[in-house]
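File shown here: start.pdb, holding PDB, C-alpha atoms, pLDDT in the B column.
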```pdb
MODEL        1
ATOM      1  CA  MET K1143     -49.705  11.278  42.544  1.00 83.00           C
ATOM      2  CA  ASP K1144     -52.777  13.232  41.425  1.00 90.00           C
ATOM      3  CA  GLN K1145     -54.921  12.271  38.431  1.00 90.00           C
ATOM      4  CA  ASP K1146     -53.276  14.724  36.015  1.00 90.00           C
ATOM      5  CA  GLU K1147     -49.850  13.390  36.944  1.00 93.00           C
ATOM      6  CA  LYS K1148     -51.083   9.806  36.472  1.00 92.00           C
ATOM      7  CA  ILE K1149     -52.419  10.700  33.022  1.00 90.00           C
ATOM      8  CA  ALA K1150     -49.175  12.437  32.061  1.00 91.00           C
ATOM      9  CA  ASP K1151     -47.147   9.456  33.288  1.00 92.00           C
ATOM     10  CA  ALA K1152     -49.327   7.005  31.356  1.00 90.00           C
ATOM     11  CA  LEU K1153     -49.073   9.071  28.152  1.00 88.00           C
ATOM     12  CA  SER K1154     -45.302   9.282  28.594  1.00 91.00           C
ATOM     13  CA  ARG K1155     -45.081   5.490  28.936  1.00 91.00           C
ATOM     14  CA  LEU K1156     -47.269   5.095  25.840  1.00 86.00           C
ATOM     15  CA  VAL K1157     -44.972   7.373  23.835  1.00 84.00           C
ATOM     16  CA  ARG K1158     -41.885   5.415  24.956  1.00 86.00           C
ATOM     17  CA  TRP K1159     -43.565   2.142  24.043  1.00 84.00           C
ATOM     18  CA  ALA K1160     -44.655   3.444  20.627  1.00 80.00           C
ATOM     19  CA  ILE K1161     -41.104   4.586  19.898  1.00 79.00           C
ATOM     20  CA  ARG K1162     -39.637   1.221  20.865  1.00 81.00           C
ATOM     21  CA  VAL K1163     -42.176  -1.041  19.169  1.00 77.00           C
ATOM     22  CA  VAL K1164     -41.073  -0.309  15.592  1.00 74.00           C
ATOM     23  CA  PRO K1165     -37.655  -1.517  14.365  1.00 70.00           C
ATOM     24  CA  LYS K1166     -35.321   1.384  13.816  1.00 74.00           C
ATOM     25  CA  GLN K1167     -33.619   2.030  10.522  1.00 75.00           C
ATOM     26  CA  MET K1168     -32.374   5.370  11.819  1.00 83.00           C
ATOM     27  CA  SER K1169     -31.996   7.104  15.168  1.00 86.00           C
ATOM     28  CA  MET K1170     -34.884   8.802  16.919  1.00 85.00           C
ATOM     29  CA  THR K1171     -32.986  12.084  16.631  1.00 89.00           C
ATOM     30  CA  ALA K1172     -32.806  11.674  12.870  1.00 93.00           C
ATOM     31  CA  MET K1173     -36.499  10.726  12.663  1.00 91.00           C
ATOM     32  CA  SER K1174     -37.459  13.679  14.852  1.00 91.00           C
ATOM     33  CA  THR K1175     -35.419  15.989  12.627  1.00 95.00           C
ATOM     34  CA  LEU K1176     -37.156  14.663   9.506  1.00 96.00           C
ATOM     35  CA  SER K1177     -40.501  15.132  11.248  1.00 93.00           C
ATOM     36  CA  THR K1178     -39.646  18.736  12.085  1.00 94.00           C
ATOM     37  CA  LEU K1179     -38.609  19.369   8.478  1.00 96.00           C
ATOM     38  CA  SER K1180     -41.881  17.902   7.205  1.00 94.00           C
ATOM     39  CA  SER K1181     -43.452  21.192   8.300  1.00 91.00           C
ATOM     40  CA  GLY K1182     -41.114  23.167   6.053  1.00 94.00           C
ATOM     41  CA  PRO K1183     -37.457  24.017   5.473  1.00 96.00           C
ATOM     42  CA  LEU K1184     -35.348  25.502   8.258  1.00 96.00           C
ATOM     43  CA  ARG K1185     -31.867  26.832   8.817  1.00 95.00           C
ATOM     44  CA  ILE K1186     -29.606  24.494  10.736  1.00 94.00           C
ATOM     45  CA  SER K1187     -29.581  26.886  13.713  1.00 93.00           C
ATOM     46  CA  GLU K1188     -33.406  26.872  13.847  1.00 94.00           C
ATOM     47  CA  LEU K1189     -33.465  23.104  13.442  1.00 95.00           C
ATOM     48  CA  ALA K1190     -30.954  22.655  16.263  1.00 95.00           C
ATOM     49  CA  ASP K1191     -33.004  24.927  18.496  1.00 94.00           C
ATOM     50  CA  ARG K1192     -36.262  23.079  17.802  1.00 93.00           C
ATOM     51  CA  GLU K1193     -34.635  19.691  18.329  1.00 93.00           C
ATOM     52  CA  GLY K1194     -32.779  20.763  21.474  1.00 93.00           C
ATOM     53  CA  ALA K1195     -29.418  19.971  19.906  1.00 94.00           C
ATOM     54  CA  ALA K1196     -26.132  21.815  19.666  1.00 95.00           C
ATOM     55  CA  GLN K1197     -25.540  23.397  16.277  1.00 94.00           C
ATOM     56  CA  PRO K1198     -22.365  21.348  15.539  1.00 95.00           C
ATOM     57  CA  GLY K1199     -24.251  18.132  16.313  1.00 95.00           C
ATOM     58  CA  MET K1200     -27.162  19.177  14.104  1.00 96.00           C
ATOM     59  CA  THR K1201     -24.747  20.077  11.306  1.00 96.00           C
ATOM     60  CA  ALA K1202     -23.240  16.584  11.529  1.00 97.00           C
ATOM     61  CA  LEU K1203     -26.703  14.988  11.503  1.00 96.00           C
ATOM     62  CA  VAL K1204     -27.821  17.080   8.517  1.00 97.00           C
ATOM     63  CA  ASN K1205     -24.627  16.060   6.705  1.00 97.00           C
ATOM     64  CA  ARG K1206     -25.477  12.379   7.270  1.00 96.00           C
ATOM     65  CA  LEU K1207     -29.113  12.886   6.269  1.00 97.00           C
ATOM     66  CA  GLU K1208     -28.013  14.735   3.138  1.00 97.00           C
ATOM     67  CA  THR K1209     -25.582  11.954   2.216  1.00 97.00           C
ATOM     68  CA  SER K1210     -28.356   9.376   2.639  1.00 95.00           C
ATOM     69  CA  GLY K1211     -30.728  11.422   0.457  1.00 97.00           C
ATOM     70  CA  HIS K1212     -33.202  12.323   3.204  1.00 97.00           C
ATOM     71  CA  VAL K1213     -32.601  16.088   3.130  1.00 98.00           C
ATOM     72  CA  ARG K1214     -31.099  18.652   0.797  1.00 98.00           C
ATOM     73  CA  ARG K1215     -29.657  22.101   1.333  1.00 97.00           C
ATOM     74  CA  ALA K1216     -30.696  25.101  -0.738  1.00 95.00           C
ATOM     75  CA  PRO K1217     -29.908  28.815  -0.546  1.00 93.00           C
ATOM     76  CA  ASP K1218     -32.172  30.827   1.732  1.00 91.00           C
ATOM     77  CA  PRO K1219     -34.014  33.240  -0.591  1.00 90.00           C
ATOM     78  CA  SER K1220     -34.214  35.823   2.206  1.00 89.00           C
ATOM     79  CA  ASP K1221     -30.458  35.696   2.971  1.00 86.00           C
ATOM     80  CA  GLY K1222     -27.965  34.603   0.323  1.00 80.00           C
ATOM     81  CA  ARG K1223     -25.365  33.780   2.991  1.00 86.00           C
ATOM     82  CA  ALA K1224     -27.582  31.177   4.643  1.00 88.00           C
ATOM     83  CA  THR K1225     -28.952  27.812   3.569  1.00 93.00           C
ATOM     84  CA  LEU K1226     -32.195  26.059   4.316  1.00 96.00           C
ATOM     85  CA  VAL K1227     -32.510  22.343   4.969  1.00 97.00           C
ATOM     86  CA  HIS K1228     -35.379  20.737   3.036  1.00 97.00           C
ATOM     87  CA  LEU K1229     -36.922  17.303   3.444  1.00 97.00           C
ATOM     88  CA  THR K1230     -36.565  15.279   0.228  1.00 98.00           C
ATOM     89  CA  THR K1231     -39.145  12.956  -1.272  1.00 97.00           C
ATOM     90  CA  GLN K1232     -37.111  10.011   0.040  1.00 97.00           C
ATOM     91  CA  GLY K1233     -37.005  11.580   3.501  1.00 96.00           C
ATOM     92  CA  GLN K1234     -40.785  12.071   3.477  1.00 96.00           C
ATOM     93  CA  ARG K1235     -41.331   8.486   2.240  1.00 95.00           C
ATOM     94  CA  ASP K1236     -39.162   7.063   5.033  1.00 93.00           C
ATOM     95  CA  LEU K1237     -40.857   9.273   7.623  1.00 92.00           C
ATOM     96  CA  ASP K1238     -44.304   8.219   6.372  1.00 93.00           C
ATOM     97  CA  ALA K1239     -43.270   4.549   6.425  1.00 91.00           C
ATOM     98  CA  ARG K1240     -42.052   4.855  10.019  1.00 87.00           C
ATOM     99  CA  ARG K1241     -45.283   6.538  11.091  1.00 87.00           C
ATOM    100  CA  ALA K1242     -47.362   3.901   9.284  1.00 89.00           C
ATOM    101  CA  ALA K1243     -45.390   1.094  10.944  1.00 86.00           C
ATOM    102  CA  ARG K1244     -45.916   2.672  14.362  1.00 84.00           C
ATOM    103  CA  THR K1245     -49.633   3.135  13.700  1.00 87.00           C
ATOM    104  CA  ALA K1246     -49.941  -0.488  12.558  1.00 89.00           C
ATOM    105  CA  ALA K1247     -48.131  -1.725  15.677  1.00 85.00           C
ATOM    106  CA  LEU K1248     -50.393   0.368  17.898  1.00 86.00           C
ATOM    107  CA  ARG K1249     -53.480  -0.862  16.055  1.00 91.00           C
ATOM    108  CA  THR K1250     -52.419  -4.482  16.568  1.00 90.00           C
ATOM    109  CA  GLU K1251     -52.103  -3.890  20.304  1.00 89.00           C
ATOM    110  CA  ILE K1252     -55.386  -1.953  20.487  1.00 91.00           C
ATOM    111  CA  GLU K1253     -57.217  -4.767  18.699  1.00 94.00           C
ATOM    112  CA  ARG K1254     -56.048  -7.146  21.460  1.00 94.00           C
ATOM    113  CA  LEU K1255     -57.617  -5.027  24.185  1.00 94.00           C
ATOM    114  CA  PRO K1256     -60.947  -5.889  25.758  1.00 97.00           C
ATOM    115  CA  ALA K1257     -63.855  -3.897  24.314  1.00 96.00           C
ATOM    116  CA  GLU K1258     -64.168  -1.714  27.433  1.00 96.00           C
ATOM    117  CA  HIS K1259     -60.521  -0.585  27.131  1.00 95.00           C
ATOM    118  CA  ARG K1260     -60.931   0.167  23.410  1.00 94.00           C
ATOM    119  CA  ALA K1261     -64.028   2.196  24.269  1.00 95.00           C
ATOM    120  CA  ALA K1262     -62.100   4.098  26.956  1.00 93.00           C
ATOM    121  CA  LEU K1263     -59.372   4.951  24.438  1.00 92.00           C
ATOM    122  CA  ALA K1264     -61.981   6.028  21.895  1.00 93.00           C
ATOM    123  CA  GLY K1265     -63.472   8.295  24.554  1.00 92.00           C
ATOM    124  CA  ALA K1266     -60.073   9.963  24.978  1.00 91.00           C
ATOM    125  CA  LEU K1267     -59.668  10.794  21.275  1.00 92.00           C
ATOM    126  CA  GLU K1268     -61.023  14.326  21.572  1.00 92.00           C
ATOM    127  CA  ALA K1269     -58.608  15.127  24.398  1.00 91.00           C
ATOM    128  CA  ILE K1270     -55.686  13.558  22.510  1.00 90.00           C
ATOM    129  CA  ASP K1271     -56.569  15.579  19.399  1.00 90.00           C
ATOM    130  CA  TYR K1272     -56.685  18.733  21.515  1.00 91.00           C
ATOM    131  CA  LEU K1273     -53.287  17.984  23.094  1.00 88.00           C
ATOM    132  CA  THR K1274     -51.643  17.240  19.766  1.00 84.00           C
ATOM    133  CA  ALA K1275     -53.194  20.009  17.678  1.00 86.00           C
ATOM    134  CA  GLY K1276     -50.525  21.601  15.544  1.00 69.00           C
ATOM    135  CA  VAL K1277     -48.010  18.752  15.789  1.00 66.00           C
ATOM    136  CA  ASP K1278     -48.007  18.154  12.024  1.00 56.00           C
ATOM    137  CA  LYS K1279     -48.871  21.664  10.873  1.00 53.00           C
ATOM    138  CA  PRO K1280     -46.422  23.797   8.875  1.00 48.00           C
ATOM    139  CA  ASN K1281     -44.169  26.266  10.638  1.00 48.00           C
ATOM    140  CA  ASP K1282     -45.491  29.765  11.123  1.00 44.00           C
TER     141      ASP K1282
ENDMDL
END
```
Whole structure, C-alpha coordinates version:
Amino acid sequence: MDQDEKIADALSRLVRWAIRVVPKQMSMTAMSTLSTLSSGPLRISELADREGAAQPGMTALVNRLETSGHVRRAPDPSDGRATLVHLTTQGQRDLDARRAARTAALRTEIERLPAEHRAALAGALEAIDYLTAGVDKPND
(Lines of atoms letter the chains of each structure in order from A and count residues from 1; the text may use other names and numbers.)
(Lines give C-alpha, C1' and ligand atoms only; values in the text may rest on other atoms or scores of the structure.)
Protein backbone atom coordinates (compact mmCIF):
# COMPACT_ATOMS: atom_id res chain seq x y z
CA MET A 1 0.00 0.00 0.00
CA ASP A 2 1.55 3.31 -1.06
CA GLN A 3 1.39 6.49 1.03
CA ASP A 4 -1.56 8.01 -0.86
CA GLU A 5 -3.54 4.81 -0.39
CA LYS A 6 -2.66 4.77 3.33
CA ILE A 7 -3.86 8.37 3.67
CA ALA A 8 -7.08 7.63 1.79
CA ASP A 9 -7.69 4.55 3.95
CA ALA A 10 -7.07 6.51 7.16
CA LEU A 11 -9.41 9.33 6.07
CA SER A 12 -12.07 6.76 5.16
CA ARG A 13 -11.79 5.18 8.62
CA LEU A 14 -12.02 8.63 10.21
CA VAL A 15 -15.20 9.40 8.27
CA ARG A 16 -16.76 6.07 9.33
CA TRP A 17 -15.83 6.72 12.94
CA ALA A 18 -17.22 10.28 12.85
CA ILE A 19 -20.50 8.99 11.42
CA ARG A 20 -20.82 6.32 14.11
CA VAL A 21 -19.78 8.39 17.12
CA VAL A 22 -22.93 10.53 17.27
CA PRO A 23 -26.28 8.94 18.23
CA LYS A 24 -28.61 8.83 15.28
CA GLN A 25 -32.04 10.37 15.34
CA MET A 26 -32.40 9.73 11.62
CA SER A 27 -30.69 7.62 8.97
CA MET A 28 -27.46 8.67 7.31
CA THR A 29 -29.31 8.75 4.00
CA ALA A 30 -31.79 11.23 5.42
CA MET A 31 -29.00 13.34 6.95
CA SER A 32 -27.07 13.28 3.68
CA THR A 33 -30.19 14.38 1.81
CA LEU A 34 -30.73 17.28 4.22
CA SER A 35 -27.07 18.22 3.80
CA THR A 36 -27.43 18.23 0.02
CA LEU A 37 -30.54 20.40 0.28
CA SER A 38 -28.72 22.87 2.54
CA SER A 39 -27.01 24.08 -0.64
CA GLY A 40 -30.36 24.90 -2.24
CA PRO A 41 -33.61 23.35 -3.44
CA LEU A 42 -33.58 20.51 -5.96
CA ARG A 43 -36.01 18.39 -7.92
CA ILE A 44 -36.41 14.87 -6.60
CA SER A 45 -34.70 13.46 -9.71
CA GLU A 46 -31.65 15.71 -9.14
CA LEU A 47 -31.63 14.84 -5.45
CA ALA A 48 -31.77 11.12 -6.22
CA ASP A 49 -28.92 11.48 -8.68
CA ARG A 50 -26.72 13.40 -6.23
CA GLU A 51 -27.44 10.94 -3.43
CA GLY A 52 -26.96 7.87 -5.62
CA ALA A 53 -30.50 6.69 -4.95
CA ALA A 54 -33.31 5.43 -7.13
CA GLN A 55 -36.00 8.02 -7.76
CA PRO A 56 -38.80 5.96 -6.10
CA GLY A 57 -36.65 5.54 -2.99
CA MET A 58 -35.85 9.25 -2.90
CA THR A 59 -39.54 10.08 -3.33
CA ALA A 60 -40.35 7.89 -0.32
CA LEU A 61 -37.59 9.53 1.73
CA VAL A 62 -38.73 13.04 0.77
CA ASN A 63 -42.28 12.06 1.76
CA ARG A 64 -41.04 11.01 5.21
CA LEU A 65 -38.88 14.13 5.58
CA GLU A 66 -41.82 16.30 4.54
CA THR A 67 -44.11 14.60 7.06
CA SER A 68 -41.54 15.17 9.81
CA GLY A 69 -41.20 18.86 8.86
CA HIS A 70 -37.61 18.67 7.61
CA VAL A 71 -38.36 19.55 3.97
CA ARG A 72 -41.15 21.13 1.98
CA ARG A 73 -42.14 20.95 -1.66
CA ALA A 74 -42.82 24.04 -3.75
CA PRO A 75 -43.54 24.59 -7.44
CA ASP A 76 -40.48 24.97 -9.64
CA PRO A 77 -40.67 28.54 -10.99
CA SER A 78 -38.91 27.46 -14.19
CA ASP A 79 -41.33 24.56 -14.87
CA GLY A 80 -44.86 24.60 -13.47
CA ARG A 81 -45.14 20.82 -13.85
CA ALA A 82 -42.23 20.16 -11.51
CA THR A 83 -41.63 20.71 -7.81
CA LEU A 84 -38.54 21.60 -5.86
CA VAL A 85 -37.66 20.15 -2.48
CA HIS A 86 -36.55 22.79 0.03
CA LEU A 87 -34.89 22.36 3.40
CA THR A 88 -37.06 23.82 6.18
CA THR A 89 -35.86 25.76 9.20
CA GLN A 90 -36.43 22.63 11.30
CA GLY A 91 -34.43 20.55 8.82
CA GLN A 92 -31.55 23.05 8.94
CA ARG A 93 -31.68 23.14 12.77
CA ASP A 94 -31.52 19.34 12.99
CA LEU A 95 -28.71 19.20 10.43
CA ASP A 96 -26.76 21.89 12.31
CA ALA A 97 -27.30 20.05 15.61
CA ARG A 98 -26.00 16.80 14.11
CA ARG A 99 -22.93 18.54 12.72
CA ALA A 100 -22.29 20.29 16.05
CA ALA A 101 -22.60 16.99 17.93
CA ARG A 102 -20.14 15.34 15.55
CA THR A 103 -17.71 18.24 15.87
CA ALA A 104 -17.96 18.11 19.67
CA ALA A 105 -17.32 14.35 19.68
CA LEU A 106 -14.30 14.80 17.42
CA ARG A 107 -13.00 17.63 19.58
CA THR A 108 -13.27 15.46 22.70
CA GLU A 109 -11.20 12.76 21.03
CA ILE A 110 -8.66 15.25 19.65
CA GLU A 111 -8.20 16.77 23.11
CA ARG A 112 -7.22 13.31 24.39
CA LEU A 113 -4.42 12.97 21.86
CA PRO A 114 -0.79 13.60 22.74
CA ALA A 115 0.43 17.06 21.72
CA GLU A 116 2.50 15.69 18.82
CA HIS A 117 -0.59 14.03 17.27
CA ARG A 118 -2.66 17.21 17.67
CA ALA A 119 0.15 19.13 15.99
CA ALA A 120 0.23 16.61 13.13
CA LEU A 121 -3.52 17.02 12.61
CA ALA A 122 -3.16 20.80 12.72
CA GLY A 123 -0.48 20.51 10.05
CA ALA A 124 -2.94 18.65 7.83
CA LEU A 125 -5.64 21.35 8.03
CA GLU A 126 -4.62 23.08 4.81
CA ALA A 127 -4.76 19.81 2.88
CA ILE A 128 -8.12 18.89 4.45
CA ASP A 129 -9.52 22.32 3.55
CA TYR A 130 -8.29 21.86 -0.02
CA LEU A 131 -9.88 18.39 -0.28
CA THR A 132 -13.21 19.56 1.11
CA ALA A 133 -13.49 22.90 -0.68
CA GLY A 134 -17.00 23.31 -1.99
CA VAL A 135 -18.62 20.69 0.25
CA ASP A 136 -20.95 23.22 1.88
CA LYS A 137 -21.23 25.69 -0.98
CA PRO A 138 -24.51 26.31 -2.81
CA ASN A 139 -25.30 24.44 -6.00
CA ASP A 140 -24.19 26.01 -9.24
All residues 10 Å or closer to Leu1248 (chain K), all atoms listed in the file, same chain fewer than 2 positions away omitted, as a ChimeraX atom specification: /K:1156,1159-1160,1163-1164,1242-1246,1250-1253
Identify the residues around (-54.9, 12.7, 25.3) within a radius of 12 Å, measuring from only C-alpha atoms in the coordinates stated by the file, and give them as a PDB file with C-alpha atoms, in the coordinates of the input.
```pdb
ATOM      1  CA  ASP K1146     -53.276  14.724  36.015  1.00 90.00           C
ATOM      2  CA  ILE K1149     -52.419  10.700  33.022  1.00 90.00           C
ATOM      3  CA  ALA K1150     -49.175  12.437  32.061  1.00 91.00           C
ATOM      4  CA  ASP K1151     -47.147   9.456  33.288  1.00 92.00           C
ATOM      5  CA  ALA K1152     -49.327   7.005  31.356  1.00 90.00           C
ATOM      6  CA  LEU K1153     -49.073   9.071  28.152  1.00 88.00           C
ATOM      7  CA  SER K1154     -45.302   9.282  28.594  1.00 91.00           C
ATOM      8  CA  LEU K1156     -47.269   5.095  25.840  1.00 86.00           C
ATOM      9  CA  VAL K1157     -44.972   7.373  23.835  1.00 84.00           C
ATOM     10  CA  ALA K1262     -62.100   4.098  26.956  1.00 93.00           C
ATOM     11  CA  LEU K1263     -59.372   4.951  24.438  1.00 92.00           C
ATOM     12  CA  ALA K1264     -61.981   6.028  21.895  1.00 93.00           C
ATOM     13  CA  GLY K1265     -63.472   8.295  24.554  1.00 92.00           C
ATOM     14  CA  ALA K1266     -60.073   9.963  24.978  1.00 91.00           C
ATOM     15  CA  LEU K1267     -59.668  10.794  21.275  1.00 92.00           C
ATOM     16  CA  GLU K1268     -61.023  14.326  21.572  1.00 92.00           C
ATOM     17  CA  ALA K1269     -58.608  15.127  24.398  1.00 91.00           C
ATOM     18  CA  ILE K1270     -55.686  13.558  22.510  1.00 90.00           C
ATOM     19  CA  ASP K1271     -56.569  15.579  19.399  1.00 90.00           C
ATOM     20  CA  TYR K1272     -56.685  18.733  21.515  1.00 91.00           C
ATOM     21  CA  LEU K1273     -53.287  17.984  23.094  1.00 88.00           C
ATOM     22  CA  THR K1274     -51.643  17.240  19.766  1.00 84.00           C
ATOM     23  CA  ALA K1275     -53.194  20.009  17.678  1.00 86.00           C
TER      24      ALA K1275
END
```
Selected residue, from K:Leu1207, K:Ala1257, K:Leu1229, K:Ala1247, that lies nearest to Arg1162 (chain K) when counting only C-alpha atoms: K:Ala1247
Nearest candidate to Ala1195 (chain K) (options K:Thr1231, K:Thr1175, K:Thr1225, K:Ser1181; using all atoms listed in the file):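 Checking each of K:Thr1231, K:Thr1175, K:Thr1225, K:Ser1181 against Ala1195 (chain K), counting all atoms listed in the file, the winner is K:Thr1175.
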Interatomic distance (Å, one decimal) between CA of Met1200 (chain K) and CA of Asp1221 (chain K):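 Calculated distance between CA of Met1200 (chain K) and CA of Asp1221 (chain K) is 20.2 Å.
Across the structure, CA of Pro1183 (chain K) and CA of Gln1234 (chain K) are spaced 12.6 Å apart.
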Closest of K:Arg1240, K:Thr1171, K:Ala1224, K:Gly1233 to Arg1192 (chain K) - atom-to-atom distances counting only C-alpha atoms: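 Selected residue with least distance to Arg1192 (chain K): K:Thr1171.
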Residue nearest Leu1179 (chain K) among K:Leu1226, K:Leu1255, K:Ile1161, K:Ala1202 (counting only C-alpha atoms):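 With only C-alpha atoms as the atom set, the closest residue is K:Leu1226.
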Quick one: apply the PyMOL selection byres ((chain K and resi 1190) around 12) to the file and drop the selected residues here as an mmCIF file with C-alpha atoms, in the coordinates of the input.
```cif
data_model
loop_
_atom_site.group_PDB
_atom_site.id
_atom_site.type_symbol
_atom_site.label_atom_id
_atom_site.label_comp_id
_atom_site.auth_asym_id
_atom_site.auth_seq_id
_atom_site.Cartn_x
_atom_site.Cartn_y
_atom_site.Cartn_z
ATOM 1 C CA THR K 1171 -32.986 12.084 16.631
ATOM 2 C CA ALA K 1172 -32.806 11.674 12.870
ATOM 3 C CA SER K 1174 -37.459 13.679 14.852
ATOM 4 C CA THR K 1175 -35.419 15.989 12.627
ATOM 5 C CA THR K 1178 -39.646 18.736 12.085
ATOM 6 C CA LEU K 1179 -38.609 19.369 8.478
ATOM 7 C CA LEU K 1184 -35.348 25.502 8.258
ATOM 8 C CA ARG K 1185 -31.867 26.832 8.817
ATOM 9 C CA ILE K 1186 -29.606 24.494 10.736
ATOM 10 C CA SER K 1187 -29.581 26.886 13.713
ATOM 11 C CA GLU K 1188 -33.406 26.872 13.847
ATOM 12 C CA LEU K 1189 -33.465 23.104 13.442
ATOM 13 C CA ASP K 1191 -33.004 24.927 18.496
ATOM 14 C CA ARG K 1192 -36.262 23.079 17.802
ATOM 15 C CA GLU K 1193 -34.635 19.691 18.329
ATOM 16 C CA GLY K 1194 -32.779 20.763 21.474
ATOM 17 C CA ALA K 1195 -29.418 19.971 19.906
ATOM 18 C CA ALA K 1196 -26.132 21.815 19.666
ATOM 19 C CA GLN K 1197 -25.540 23.397 16.277
ATOM 20 C CA PRO K 1198 -22.365 21.348 15.539
ATOM 21 C CA GLY K 1199 -24.251 18.132 16.313
ATOM 22 C CA MET K 1200 -27.162 19.177 14.104
ATOM 23 C CA THR K 1201 -24.747 20.077 11.306
ATOM 24 C CA ALA K 1202 -23.240 16.584 11.529
ATOM 25 C CA LEU K 1203 -26.703 14.988 11.503
ATOM 26 C CA VAL K 1204 -27.821 17.080 8.517
ATOM 27 C CA VAL K 1227 -32.510 22.343 4.969
#
```
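Interatomic distance, CA of His1228 (chain K) to CA of Val1213 (chain K): 5.4 Å.
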Neighbour list for Asp1236 (chain K) as a PyMOL selection string, cut-off 9 Å, only C-alpha atoms, skip fewer than 5 positions in-chain: chain K and resi 1173+1212+1231+1241
Keeping only C-alpha atoms, take the residues you just selected and write them out as a tab-separated table (two decimals), in the coordinates of the input.
```
chain	number	residue	atom	x	y	z
K	1173	MET	CA	-36.50	10.73	12.66
K	1212	HIS	CA	-33.20	12.32	3.20
K	1231	THR	CA	-39.15	12.96	-1.27
K	1241	ARG	CA	-45.28	6.54	11.09
```
Expected residue set, 8 Å radius at (-45.5, 14.5, 8.2), only C-alpha atoms, as an MDAnalysis selection string: chainID K and resid 1177 1180:1181 1234 1237:1238 1278
